[in-house]
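As structure tokens, the structure follows; a few thoughts come after it.
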Amino acid sequence: MDDNHGFYGRKTSFHSSRHKFDRKNHHFERPGTPYAMGPRWRRRKYNNEDTLWEDNKVESEVGLDADNGTLGSWFKVSISNGRNYDRTWLINSMQDLCSVPFIPVDFHYDKRRARFFVQDARTAYALRDIHNKICDEKNQKISIFVSPSVVPYSVQNKFTSEEMEQLKVTVMKRYDASQKSLDLQRFRFDKDFMDNDIDVMLNRRSCMVATLQIIQSSIPELLALNLCNNKLYQLDGLSDMIEKAPQVKILNLSKNKLKSVCELEKVKELNLEELWLEGNPLCSLFSDQSDYISAIRDLFPKLLRLDGKELIVPTGMDIEVPQLSKQTCTETEPIKNLILQFLKEYYLFYDNGERFRLLDAYHDQACFSLTVSSNFNDPDLSNLEEYFKHNRDMKKVQDSYMRMRLLKHTKHTIVDSLSLLPKTQHDLGSFLVDLCFHTETMLCFSVNGWFKEVEGKCQGCVRAFTRIFITTYYNNSRICIMNDEMIVRNASPREIQNAFIPANSPLSEEQQEMVKSFSMQSRMKLTWAQKCLEDNGWDYAKAAEIFTMLQNESKIPKEFFE
């Protein structure tokens with residue numbers, strides 16, 4: 001046989017008479033180098049990029065035959081400059097041309113190459129046959145090389161079904177469904193693994209692949225993944241995230257062993273908004289912080305936070321700007337009426353102890369956040385403690401995972417959170433409503449006003465608030481909230497004075513006498529004496545009790561008194 005260059009993109013003839021299936025293949029058994037060839041291979045360079053492996057006995061030892069296609073051998077498939085191409089496009093293009101269906105095993109990158117493994121000879125032969133038959137968008141042919149391989153490392157170290165079940169149980173224990181976040185820091189030392197004598201090291205490709213398979217099947221909605229402190233030296237195994245966990249926006253790789261920014265190229269297709277890398281050797285490669293930020297942002301252009309610090313949005317970033325409706329100025333009256341009716345119904349349920357009925361106002365995947373706007377000269381900051389528990393002020397909450405927890409997702413989580421806030425009564429007459437913009441299917445509007453708490457230790461306290469709603473709507477009908485932001489603060493003395501001003505309705509003689517008496521005993525102005533009685537349903541004893549309590553706590557402004 002003159003040419004024995006199997007799997008190098010050139011047509012060769014194969015002779016089954018030379019196959020030796022009973023011969024042990026010693027040069028595939030080199031320990032410690034799972035993807036390396038044995039010592040008898042010699043190499044020659046191809047276009048200074050890929051390496052072709054040759055052996056005079058390749059065909060006889062791997063048993064490749066185009067006719068009977070012996071199964072059971074493993075083969076490595078290498079694509080020159082494969083890193084330049086989208087993984088999904090590359091695999092789909094190969095599957096379209098390959099005459100045999102195949103499943104790529106352990107797809108990963110090695111420098112500029114993309115590599116994966118297939119298990120049988122027929123598939124290997126078919127893949128070799130599409131060498132240089134795929135062209136990229138620049139009409140350049142894509143080189144595909146196939147060579148015999150040892151069993152892939154992830155297959156060698158495959159978990160048993162019992163171990164996979166335990167791995168799934170442990171992963172799900174660490175998953176926070178309300179925040180769609182998964183905490184896998186120091187994963188190897190989880191008590192479940194220690195008790196069951198299972199070694200799960202995420203710096204092993206087999207362990208990472210198995211973990212990502214569980215994420216793909218059980219928590220495809222995952223938004224935040226914490227891989228801190230797992231001794232990750234490289235991210236080959238993590239490259240599967242692009243396929244198995246494409247929704248992830250926050251990735252914590254801090255306190256690992258990553259030495260080069262090049263490792264991050266393996267996950268650059270993720271649309272990350274927040275990334276943690278502090279504590280990795282690669283961080284010390286940059287003497288200037290701006291160079292560090294620039295290098296990371298080159299890979300993740302949509303990144304908003306790095307190592308917990310907010311990044312300035314570049315002016316060139318592609319930000320979608322909503323287009324205003326052409327009817328904004330001419331046909332807003334129906335929209336105004338729709339919004340006002342919506343607010344009336346919303347706060348009717350909100351104030352009457354029926355907040356569970358607000359479920360219908362929110363989209364299934366809506367978001368909600370609450371921020372406390374505080375003035376540190378305000379002596380009554382302590383009375384906002386029920387709101388500080390949920391405060392998501394990004395200037396004060398530095399921990400990204402805490403911010404993620406405080407951002408409420410899904411309508412059920414949102415309504416549950418609203419139900420935990422103090423019971424209130426809103427002053428609808430104080431509402432200032434502004435329509436920011438609208439399209440044919442979207443509204444953005446804000447509401448400013450006052451409310452007071454009607455139960456608990458802060459009963460009677462007046463708050464100022466702002467709500468910003470982003471909603472969908474169709475044909476001037478139902479409004480559905482997509483995003484809801486609430487900002488709360490203590491009302492100023494002037495705002496308290498103007499809040500809940502009673503309507504100018506005539507009082508009965510009995511009510512007038514009650515107002516005069518209450519004003520004399522409390523020394524409050526007639527207006528506020530009347531308001532106190534009205535707020536307590538003209539129950540004189542209850543109004544006196546509430547007044548005494550608030551006065552003892554110094555919560556009644558001086559302006560209320562004569």
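Starting from 1 in every chain, residues are counted up; chains themselves are A, B, ... following the order of the structure tokens, and ligands are numbered from 1 as listed.
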
Exercise for review: Determine which residues of stretch 286-468 of chain A receive a DSSP assignment of alpha helix (DSSP H), computed from the backbone, and state them as a VMD selection string.
Suggested key: chain A and resid 289 to 299 333 to 351 385 to 388 400 to 406 411 to 420

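The residue set within 6 Å of A:Arg113, counting only C-alpha atoms and dropping same-chain residues fewer than 2 places from it, reads A:Ile79, A:Ser80, A:Asn81, A:Gly82, A:Arg83, A:Tyr109, A:Asp110, A:Lys111.
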
If you keep N, CA, C and O atoms, can you produce a file of those selected residues as a PDB file, in the first residue's frame?
```
ATOM      1  N   ILE A  79     -10.743  20.896  13.907  1.00  0.00           N
ATOM      2  CA  ILE A  79     -11.129  21.883  12.894  1.00  0.00           C
ATOM      3  C   ILE A  79     -10.177  23.066  13.006  1.00  0.00           C
ATOM      4  O   ILE A  79     -10.143  23.749  14.036  1.00  0.00           O
ATOM      5  N   SER A  80      -9.388  23.295  11.957  1.00  0.00           N
ATOM      6  CA  SER A  80      -8.446  24.408  11.968  1.00  0.00           C
ATOM      7  C   SER A  80      -9.188  25.728  12.122  1.00  0.00           C
ATOM      8  O   SER A  80     -10.231  25.942  11.492  1.00  0.00           O
ATOM      9  N   ASN A  81      -8.646  26.602  12.978  1.00  0.00           N
ATOM     10  CA  ASN A  81      -9.256  27.916  13.220  1.00  0.00           C
ATOM     11  C   ASN A  81     -10.717  27.813  13.644  1.00  0.00           C
ATOM     12  O   ASN A  81     -11.520  28.712  13.403  1.00  0.00           O
ATOM     13  N   GLY A  82     -11.046  26.699  14.288  1.00  0.00           N
ATOM     14  CA  GLY A  82     -12.438  26.473  14.689  1.00  0.00           C
ATOM     15  C   GLY A  82     -12.948  27.495  15.687  1.00  0.00           C
ATOM     16  O   GLY A  82     -14.148  27.726  15.773  1.00  0.00           O
ATOM     17  N   ARG A  83     -12.034  28.115  16.416  1.00  0.00           N
ATOM     18  CA  ARG A  83     -12.452  29.115  17.387  1.00  0.00           C
ATOM     19  C   ARG A  83     -13.077  30.327  16.716  1.00  0.00           C
ATOM     20  O   ARG A  83     -13.813  31.098  17.343  1.00  0.00           O
ATOM     21  N   TYR A 109     -11.959  23.690  22.830  1.00  0.00           N
ATOM     22  CA  TYR A 109     -11.000  24.427  22.012  1.00  0.00           C
ATOM     23  C   TYR A 109      -9.590  24.163  22.518  1.00  0.00           C
ATOM     24  O   TYR A 109      -9.347  24.067  23.721  1.00  0.00           O
ATOM     25  N   ASP A 110      -8.684  24.043  21.591  1.00  0.00           N
ATOM     26  CA  ASP A 110      -7.262  23.925  21.905  1.00  0.00           C
ATOM     27  C   ASP A 110      -6.531  24.968  21.061  1.00  0.00           C
ATOM     28  O   ASP A 110      -6.337  24.789  19.865  1.00  0.00           O
ATOM     29  N   LYS A 111      -6.175  26.094  21.714  1.00  0.00           N
ATOM     30  CA  LYS A 111      -5.617  27.250  21.006  1.00  0.00           C
ATOM     31  C   LYS A 111      -6.634  27.702  19.966  1.00  0.00           C
ATOM     32  O   LYS A 111      -7.750  28.021  20.287  1.00  0.00           O
TER      33      LYS A 111
END
```

Practice item. Pick out the residues sitting within 10 Å of A:Pro220, and hand them over as a ChimeraX atom specification; count only C-alpha atoms, and ignore anything fewer than 2 positions along from it in its own chain. Key: /A:180,212-218,222-223,244-248

If you keep C-alpha atoms, can you produce a file of those selected residues as an mmCIF file, in the first residue's frame?
```
data_model
loop_
_atom_site.group_PDB
_atom_site.id
_atom_site.type_symbol
_atom_site.label_atom_id
_atom_site.label_comp_id
_atom_site.auth_asym_id
_atom_site.auth_seq_id
_atom_site.Cartn_x
_atom_site.Cartn_y
_atom_site.Cartn_z
ATOM 1 C CA LYS A 180 -32.606 31.561 39.585
ATOM 2 C CA LEU A 212 -23.872 21.153 33.182
ATOM 3 C CA GLN A 213 -26.019 18.278 31.959
ATOM 4 C CA ILE A 214 -28.009 18.478 35.186
ATOM 5 C CA ILE A 215 -28.352 22.250 34.792
ATOM 6 C CA GLN A 216 -29.582 21.815 31.225
ATOM 7 C CA SER A 217 -32.213 19.238 32.148
ATOM 8 C CA SER A 218 -33.343 20.539 35.548
ATOM 9 C CA LEU A 222 -30.551 29.580 35.381
ATOM 10 C CA LEU A 223 -29.437 33.245 35.477
ATOM 11 C CA LYS A 244 -26.505 23.954 28.224
ATOM 12 C CA ALA A 245 -27.008 27.196 30.208
ATOM 13 C CA PRO A 246 -27.379 29.989 27.635
ATOM 14 C CA GLN A 247 -29.515 32.218 29.909
ATOM 15 C CA VAL A 248 -26.760 32.824 32.480
#
```

Review point. Excluding same-chain residues fewer than 5 positions from stretch 231-233 of chain A, what lies within 10 Å of it counting only C-alpha atoms, as a PyMOL selection string?
Key: chain A and resi 186+201-204+238+253-260+263+280-281

Serialized selection, all heavy atoms, as a compact mmCIF listing (two decimals), in the first residue's frame:
```txt
# COMPACT_ATOMS: atom_id res chain seq x y z
N ARG A 186 -16.71 25.89 46.20
CA ARG A 186 -16.12 24.78 46.96
C ARG A 186 -16.99 23.52 46.84
O ARG A 186 -17.29 22.83 47.81
CB ARG A 186 -15.95 25.18 48.43
CG ARG A 186 -14.93 26.28 48.65
CD ARG A 186 -14.81 26.67 50.11
NE ARG A 186 -14.44 25.52 50.93
CZ ARG A 186 -13.21 25.05 51.10
NH1 ARG A 186 -12.19 25.65 50.46
NH2 ARG A 186 -12.96 24.01 51.87
N MET A 201 -14.75 17.06 41.25
CA MET A 201 -13.83 18.19 41.06
C MET A 201 -14.20 18.90 39.76
O MET A 201 -14.04 18.33 38.67
CB MET A 201 -12.38 17.69 41.01
CG MET A 201 -11.94 16.99 42.29
SD MET A 201 -10.27 16.31 42.16
CE MET A 201 -9.32 17.81 41.92
N LEU A 202 -14.69 20.10 39.88
CA LEU A 202 -15.16 20.80 38.69
C LEU A 202 -14.02 21.20 37.76
O LEU A 202 -14.27 21.63 36.64
CB LEU A 202 -15.96 22.04 39.10
CG LEU A 202 -17.31 21.74 39.77
CD1 LEU A 202 -18.03 23.03 40.11
CD2 LEU A 202 -18.19 20.87 38.87
N ASN A 203 -12.75 21.07 38.19
CA ASN A 203 -11.65 21.31 37.25
C ASN A 203 -11.37 20.08 36.40
O ASN A 203 -10.46 20.09 35.57
CB ASN A 203 -10.39 21.78 37.98
CG ASN A 203 -9.89 20.80 39.02
OD1 ASN A 203 -10.40 19.68 39.12
ND2 ASN A 203 -8.91 21.21 39.80
N ARG A 204 -12.13 19.01 36.61
CA ARG A 204 -12.11 17.87 35.70
C ARG A 204 -13.25 18.04 34.70
O ARG A 204 -14.38 18.28 35.07
CB ARG A 204 -12.31 16.56 36.46
CG ARG A 204 -11.17 16.17 37.36
CD ARG A 204 -11.50 14.88 38.09
NE ARG A 204 -10.44 14.46 38.97
CZ ARG A 204 -10.55 13.50 39.87
NH1 ARG A 204 -11.72 12.86 40.00
NH2 ARG A 204 -9.54 13.18 40.64
N LEU A 238 -16.32 24.27 30.75
CA LEU A 238 -17.33 25.31 30.89
C LEU A 238 -17.82 25.83 29.55
O LEU A 238 -18.85 26.51 29.48
CB LEU A 238 -16.76 26.46 31.73
CG LEU A 238 -17.77 27.33 32.51
CD1 LEU A 238 -18.58 26.47 33.46
CD2 LEU A 238 -17.05 28.42 33.27
N LEU A 253 -16.30 33.50 38.75
CA LEU A 253 -15.13 32.63 38.61
C LEU A 253 -14.01 33.06 39.55
O LEU A 253 -12.85 32.70 39.34
CB LEU A 253 -14.62 32.67 37.16
CG LEU A 253 -15.58 32.13 36.09
CD1 LEU A 253 -15.03 32.39 34.70
CD2 LEU A 253 -15.82 30.64 36.29
N SER A 254 -14.33 33.82 40.57
CA SER A 254 -13.31 34.36 41.46
C SER A 254 -12.62 33.25 42.26
O SER A 254 -13.16 32.16 42.44
CB SER A 254 -13.92 35.38 42.41
OG SER A 254 -14.91 34.77 43.23
N LYS A 255 -11.38 33.55 42.71
CA LYS A 255 -10.59 32.66 43.57
C LYS A 255 -10.37 31.30 42.94
O LYS A 255 -10.46 30.26 43.60
CB LYS A 255 -11.25 32.54 44.94
CG LYS A 255 -11.37 33.86 45.68
CD LYS A 255 -12.07 33.71 47.01
CE LYS A 255 -12.23 35.06 47.70
NZ LYS A 255 -12.94 34.97 48.98
N ASN A 256 -10.09 31.28 41.63
CA ASN A 256 -9.71 30.06 40.94
C ASN A 256 -8.25 30.18 40.48
O ASN A 256 -7.50 31.00 41.01
CB ASN A 256 -10.67 29.78 39.78
CG ASN A 256 -11.98 29.15 40.26
OD1 ASN A 256 -12.00 28.04 40.76
ND2 ASN A 256 -13.07 29.88 40.12
N LYS A 257 -7.83 29.39 39.50
CA LYS A 257 -6.43 29.33 39.08
C LYS A 257 -6.24 29.74 37.62
O LYS A 257 -5.29 29.31 36.97
CB LYS A 257 -5.89 27.91 39.29
CG LYS A 257 -6.06 27.36 40.70
CD LYS A 257 -5.22 28.12 41.70
CE LYS A 257 -5.36 27.54 43.11
NZ LYS A 257 -4.56 28.29 44.10
N LEU A 258 -7.13 30.57 37.10
CA LEU A 258 -7.05 30.97 35.70
C LEU A 258 -5.87 31.91 35.49
O LEU A 258 -5.77 32.94 36.15
CB LEU A 258 -8.35 31.64 35.27
CG LEU A 258 -9.62 30.79 35.44
CD1 LEU A 258 -10.86 31.61 35.12
CD2 LEU A 258 -9.55 29.56 34.56
N LYS A 259 -4.98 31.55 34.56
CA LYS A 259 -3.75 32.31 34.36
C LYS A 259 -3.77 33.20 33.13
O LYS A 259 -2.90 34.05 32.97
CB LYS A 259 -2.56 31.35 34.25
CG LYS A 259 -2.32 30.54 35.51
CD LYS A 259 -1.12 29.61 35.34
CE LYS A 259 -0.85 28.81 36.62
NZ LYS A 259 0.30 27.89 36.45
N SER A 260 -4.74 33.01 32.26
CA SER A 260 -4.75 33.77 31.00
C SER A 260 -6.17 34.19 30.63
O SER A 260 -7.13 33.42 30.82
CB SER A 260 -4.15 32.93 29.88
OG SER A 260 -4.33 33.55 28.63
N GLU A 263 -8.43 31.93 28.34
CA GLU A 263 -9.38 30.92 28.82
C GLU A 263 -10.81 31.43 28.73
O GLU A 263 -11.74 30.67 28.49
CB GLU A 263 -9.05 30.54 30.27
CG GLU A 263 -7.82 29.69 30.44
CD GLU A 263 -7.92 28.35 29.71
OE1 GLU A 263 -9.03 27.78 29.68
OE2 GLU A 263 -6.92 27.91 29.14
N ASN A 280 -7.86 35.42 40.73
CA ASN A 280 -7.22 34.56 39.73
C ASN A 280 -5.87 35.15 39.33
O ASN A 280 -5.71 36.38 39.29
CB ASN A 280 -8.11 34.44 38.48
CG ASN A 280 -9.26 33.48 38.67
OD1 ASN A 280 -9.09 32.27 38.61
ND2 ASN A 280 -10.44 34.02 38.94
N PRO A 281 -4.88 34.30 39.01
CA PRO A 281 -3.57 34.82 38.59
C PRO A 281 -3.63 35.78 37.41
O PRO A 281 -2.79 36.67 37.30
CB PRO A 281 -2.79 33.54 38.23
CG PRO A 281 -3.41 32.48 39.06
CD PRO A 281 -4.87 32.83 39.13
```

Point to revise | Given only C-alpha atoms as the counted atoms, nearest of A:Thr413, A:Phe349, A:Asn132, A:Met241 to A:Leu272 | key: A:Met241

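Of the listed residues (A:Pro422, A:Leu384, A:Ser446, A:Leu282), A:Ser446 comes nearest to A:Leu340; the distances count only C-alpha atoms.
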
**Study point:** Interatomic distance, atom CA of A:Cys228 to atom CA of A:Asn271 (Å, one decimal)
**Key:** 19.4 Å

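Contact shell of A:Val415 at 10 Å (only C-alpha atoms; same-chain neighbours under 2 positions omitted): Arg355, Phe356, Arg357, Leu358, Leu359, Ala361, Tyr362, Phe368, Lys408, Thr410, Lys411, His412, Thr413, Ser417, Leu418, Ser419 and Leu420 of chain A.
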